[in-house]
Each structure stands twice: as structure tokens, then as C-alpha cells.
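To start, the structure under review is shown below, and the notes come after it.
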Amino acid sequence: QATAQGLAPQAAAVWAGVPEPLVQQWLENDREFAHAVQAAAALGAAHGREPGGTRTPAMVRVVLVALSQGASWGTAA
């Protein structure tokens, strides 16, 4: 869901409340998961949602979650 909203895997991990290294491990070791993430990213891109693109509510949510967990503004953004 987060990837389809234009979030990169790192931000999607924050969105899901899952440690980023775990998401990276899933991407590397689980073909079905990796294909699902790629398909979601393609869906998002087809609708103009790409990492670093127009700010979306999903991106704002990730920043707020990261800030609430103690990340600095630069890291959260």
C-alpha cells in the first residue's frame, strides 16, 4: 500500500512499522514479495506517485511517524 502511494522501501518500512533491514531482507530473499512491491511501485508511478515526487498524505504520515519516534527533521524528511 505504501509503495503504491509513492513511498520508497525505506519510507514504506516506516509506514508499516517494520524495521528497514527486515524489508530489505524480504526484498532480497522473497521473490513474491519483491514482485508485489515492484507491481505496487509501477501502479503508483502510473498514477503519478513516485518516490520524491509530489507530496502525498502518505509521505506526510511517514515524516510524522519518524519524528514521533525521535528521528531528526532531516532524517524524517
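Numbering starts fresh at 1 for the residues of each chain in the C-alpha cells, the chains themselves are lettered A, B, ... in the order given, and ligands are numbered from 1 as they appear.
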
Exercise: Val63 (chain A) partners within 9 Å, only C-alpha atoms, chain neighbours under 4 positions left out, as a list in words: Ala11, Val14, Ala58, Met59, Leu67, Ser68, Ala71, Trp73, Thr75, Ala76 and Ala77 of chain A

| task | Report the residues of chain A whose backbone DSSP state falls under helix (DSSP H, G or I), written as a ChimeraX atom specification. | result | /A:9-16,20-29,31-46,57-68,73-76

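The list of residues with at least one atom within 12 Å of Pro57 (chain A), based on only C-alpha atoms and without residues fewer than 5 positions apart in the same chain, reads Ala2, Gln5, Gly6, Leu7, Trp15, Arg49, Val62, Val63 and Leu64 of chain A.
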
Could you write out the selected residues, including all heavy atoms, as a PDB file, in the first residue's frame?
```pdb
ATOM      1  N   ALA A   2       1.875   1.275   0.849  1.00  0.00           N
ATOM      2  CA  ALA A   2       2.732   2.457   0.940  1.00  0.00           C
ATOM      3  C   ALA A   2       3.515   2.682  -0.342  1.00  0.00           C
ATOM      4  O   ALA A   2       3.675   3.815  -0.789  1.00  0.00           O
ATOM      5  CB  ALA A   2       3.681   2.319   2.129  1.00  0.00           C
ATOM      6  N   GLN A   5       1.558   4.278  -2.936  1.00  0.00           N
ATOM      7  CA  GLN A   5       1.339   5.689  -2.643  1.00  0.00           C
ATOM      8  C   GLN A   5       2.565   6.538  -2.964  1.00  0.00           C
ATOM      9  O   GLN A   5       2.607   7.722  -2.677  1.00  0.00           O
ATOM     10  CB  GLN A   5       0.964   5.872  -1.171  1.00  0.00           C
ATOM     11  CG  GLN A   5      -0.382   5.316  -0.821  1.00  0.00           C
ATOM     12  CD  GLN A   5      -1.496   6.079  -1.511  1.00  0.00           C
ATOM     13  OE1 GLN A   5      -1.439   7.291  -1.644  1.00  0.00           O
ATOM     14  NE2 GLN A   5      -2.504   5.370  -1.960  1.00  0.00           N
ATOM     15  N   GLY A   6       3.602   5.916  -3.541  1.00  0.00           N
ATOM     16  CA  GLY A   6       4.785   6.656  -3.959  1.00  0.00           C
ATOM     17  C   GLY A   6       5.921   6.655  -2.951  1.00  0.00           C
ATOM     18  O   GLY A   6       6.847   7.448  -3.066  1.00  0.00           O
ATOM     19  N   LEU A   7       5.863   5.762  -1.981  1.00  0.00           N
ATOM     20  CA  LEU A   7       6.922   5.713  -0.981  1.00  0.00           C
ATOM     21  C   LEU A   7       7.995   4.706  -1.387  1.00  0.00           C
ATOM     22  O   LEU A   7       7.691   3.617  -1.880  1.00  0.00           O
ATOM     23  CB  LEU A   7       6.360   5.328   0.387  1.00  0.00           C
ATOM     24  CG  LEU A   7       5.301   6.270   0.965  1.00  0.00           C
ATOM     25  CD1 LEU A   7       4.806   5.750   2.298  1.00  0.00           C
ATOM     26  CD2 LEU A   7       5.845   7.675   1.113  1.00  0.00           C
ATOM     27  N   TRP A  15       6.180   3.363   7.345  1.00  0.00           N
ATOM     28  CA  TRP A  15       4.724   3.326   7.216  1.00  0.00           C
ATOM     29  C   TRP A  15       4.165   2.063   7.871  1.00  0.00           C
ATOM     30  O   TRP A  15       3.179   2.108   8.592  1.00  0.00           O
ATOM     31  CB  TRP A  15       4.368   3.351   5.737  1.00  0.00           C
ATOM     32  CG  TRP A  15       2.940   3.101   5.389  1.00  0.00           C
ATOM     33  CD1 TRP A  15       2.328   1.882   5.300  1.00  0.00           C
ATOM     34  CD2 TRP A  15       1.943   4.059   5.073  1.00  0.00           C
ATOM     35  NE1 TRP A  15       1.025   2.029   4.936  1.00  0.00           N
ATOM     36  CE2 TRP A  15       0.757   3.357   4.791  1.00  0.00           C
ATOM     37  CE3 TRP A  15       1.940   5.446   4.989  1.00  0.00           C
ATOM     38  CZ2 TRP A  15      -0.415   3.999   4.429  1.00  0.00           C
ATOM     39  CZ3 TRP A  15       0.768   6.077   4.625  1.00  0.00           C
ATOM     40  CH2 TRP A  15      -0.392   5.358   4.354  1.00  0.00           C
ATOM     41  N   ARG A  49       2.544   8.809  -8.737  1.00  0.00           N
ATOM     42  CA  ARG A  49       3.077   8.707  -7.374  1.00  0.00           C
ATOM     43  C   ARG A  49       4.428   8.011  -7.430  1.00  0.00           C
ATOM     44  O   ARG A  49       4.511   6.805  -7.586  1.00  0.00           O
ATOM     45  CB  ARG A  49       2.138   7.896  -6.484  1.00  0.00           C
ATOM     46  CG  ARG A  49       0.742   8.413  -6.411  1.00  0.00           C
ATOM     47  CD  ARG A  49       0.712   9.655  -5.539  1.00  0.00           C
ATOM     48  NE  ARG A  49      -0.676  10.049  -5.282  1.00  0.00           N
ATOM     49  CZ  ARG A  49      -1.114  11.262  -5.446  1.00  0.00           C
ATOM     50  NH1 ARG A  49      -0.306  12.207  -5.868  1.00  0.00           N
ATOM     51  NH2 ARG A  49      -2.366  11.567  -5.187  1.00  0.00           N
ATOM     52  N   VAL A  62       4.563   9.380   7.011  1.00  0.00           N
ATOM     53  CA  VAL A  62       5.868   8.783   7.299  1.00  0.00           C
ATOM     54  C   VAL A  62       6.754   9.767   8.044  1.00  0.00           C
ATOM     55  O   VAL A  62       7.430   9.404   9.006  1.00  0.00           O
ATOM     56  CB  VAL A  62       6.540   8.289   6.000  1.00  0.00           C
ATOM     57  CG1 VAL A  62       8.000   7.954   6.222  1.00  0.00           C
ATOM     58  CG2 VAL A  62       5.792   7.070   5.479  1.00  0.00           C
ATOM     59  N   VAL A  63       6.755  11.021   7.633  1.00  0.00           N
ATOM     60  CA  VAL A  63       7.559  12.035   8.326  1.00  0.00           C
ATOM     61  C   VAL A  63       7.099  12.175   9.776  1.00  0.00           C
ATOM     62  O   VAL A  63       7.908  12.198  10.697  1.00  0.00           O
ATOM     63  CB  VAL A  63       7.500  13.392   7.592  1.00  0.00           C
ATOM     64  CG1 VAL A  63       8.111  14.504   8.438  1.00  0.00           C
ATOM     65  CG2 VAL A  63       8.204  13.297   6.252  1.00  0.00           C
ATOM     66  N   LEU A  64       5.795  12.236   9.978  1.00  0.00           N
ATOM     67  CA  LEU A  64       5.274  12.384  11.340  1.00  0.00           C
ATOM     68  C   LEU A  64       5.590  11.170  12.205  1.00  0.00           C
ATOM     69  O   LEU A  64       5.952  11.317  13.379  1.00  0.00           O
ATOM     70  CB  LEU A  64       3.768  12.641  11.305  1.00  0.00           C
ATOM     71  CG  LEU A  64       3.357  13.985  10.705  1.00  0.00           C
ATOM     72  CD1 LEU A  64       1.841  14.074  10.600  1.00  0.00           C
ATOM     73  CD2 LEU A  64       3.915  15.134  11.515  1.00  0.00           C
TER      74      LEU A  64
END
```

Here CA of Val65 (chain A) and CA of Gly17 (chain A) stand apart by 9.0 Å

- Task: Excluding region 38-48 of chain A and any residue of its chain fewer than 4 positions from it, enumerate the residues within 8 Å of it, using only C-alpha atoms, and give them as a ChimeraX atom specification.
- Result: /A:1,3-6,34,53

Atomic distance CA of Gly70 (chain A) - CA of Leu22 (chain A), expressed in Å with one decimal =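 Separating CA of Gly70 (chain A) from CA of Leu22 (chain A) is a distance of 19.9 Å.
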
Excluding region 23-30 of chain A and residues on its chain fewer than 2 positions from it, collect all residues at most 12 Å away from it, counting only C-alpha atoms, and give them as a CSV table (one decimal) with N, CA and C atoms, in the first residue's frame.
```
chain,number,residue,atom,x,y,z
A,8,ALA,N,9.2,5.1,-1.2
A,8,ALA,CA,10.4,4.2,-1.4
A,8,ALA,C,10.3,3.1,-0.3
A,9,PRO,N,11.1,2.0,-0.5
A,9,PRO,CA,11.1,0.9,0.5
A,9,PRO,C,11.4,1.4,1.9
A,10,GLN,N,12.3,2.3,2.1
A,10,GLN,CA,12.7,2.8,3.4
A,10,GLN,C,11.5,3.5,4.1
A,11,ALA,N,10.8,4.3,3.3
A,11,ALA,CA,9.6,5.0,3.9
A,11,ALA,C,8.5,4.0,4.1
A,12,ALA,N,8.4,3.1,3.2
A,12,ALA,CA,7.3,2.1,3.3
A,12,ALA,C,7.5,1.2,4.6
A,13,ALA,N,8.8,1.0,5.0
A,13,ALA,CA,9.1,0.3,6.2
A,13,ALA,C,8.6,1.1,7.4
A,14,VAL,N,8.8,2.4,7.4
A,14,VAL,CA,8.3,3.3,8.5
A,14,VAL,C,6.8,3.3,8.5
A,15,TRP,N,6.2,3.4,7.3
A,15,TRP,CA,4.7,3.3,7.2
A,15,TRP,C,4.2,2.1,7.9
A,16,ALA,N,4.8,0.9,7.6
A,16,ALA,CA,4.3,-0.4,8.1
A,16,ALA,C,4.8,-0.7,9.5
A,17,GLY,N,5.7,0.1,10.1
A,17,GLY,CA,6.2,-0.1,11.4
A,17,GLY,C,7.1,-1.3,11.5
A,18,VAL,N,7.8,-1.6,10.4
A,18,VAL,CA,8.7,-2.7,10.2
A,18,VAL,C,10.1,-2.2,10.1
A,19,PRO,N,11.1,-2.8,10.7
A,19,PRO,CA,12.5,-2.3,10.6
A,19,PRO,C,12.9,-2.4,9.1
A,20,GLU,N,13.6,-1.3,8.7
A,20,GLU,CA,14.0,-1.3,7.3
A,20,GLU,C,14.9,-2.5,6.9
A,21,PRO,N,15.8,-2.9,7.7
A,21,PRO,CA,16.6,-4.1,7.3
A,21,PRO,C,15.8,-5.3,7.1
A,32,GLU,N,8.2,-13.3,-4.4
A,32,GLU,CA,6.8,-12.9,-4.5
A,32,GLU,C,6.7,-11.5,-3.8
A,33,PHE,N,7.3,-11.3,-2.7
A,33,PHE,CA,7.2,-10.0,-2.0
A,33,PHE,C,7.9,-8.9,-2.9
A,34,ALA,N,9.0,-9.2,-3.4
A,34,ALA,CA,9.7,-8.2,-4.3
A,34,ALA,C,8.9,-7.9,-5.5
A,35,HIS,N,8.3,-8.9,-6.1
A,35,HIS,CA,7.4,-8.7,-7.3
A,35,HIS,C,6.2,-7.8,-6.9
A,36,ALA,N,5.6,-8.1,-5.7
A,36,ALA,CA,4.5,-7.3,-5.3
A,36,ALA,C,4.8,-5.9,-5.1
A,37,VAL,N,6.0,-5.6,-4.5
A,37,VAL,CA,6.5,-4.3,-4.2
A,37,VAL,C,6.7,-3.6,-5.6
A,38,GLN,N,7.3,-4.3,-6.5
A,38,GLN,CA,7.6,-3.7,-7.8
A,38,GLN,C,6.2,-3.4,-8.6
```
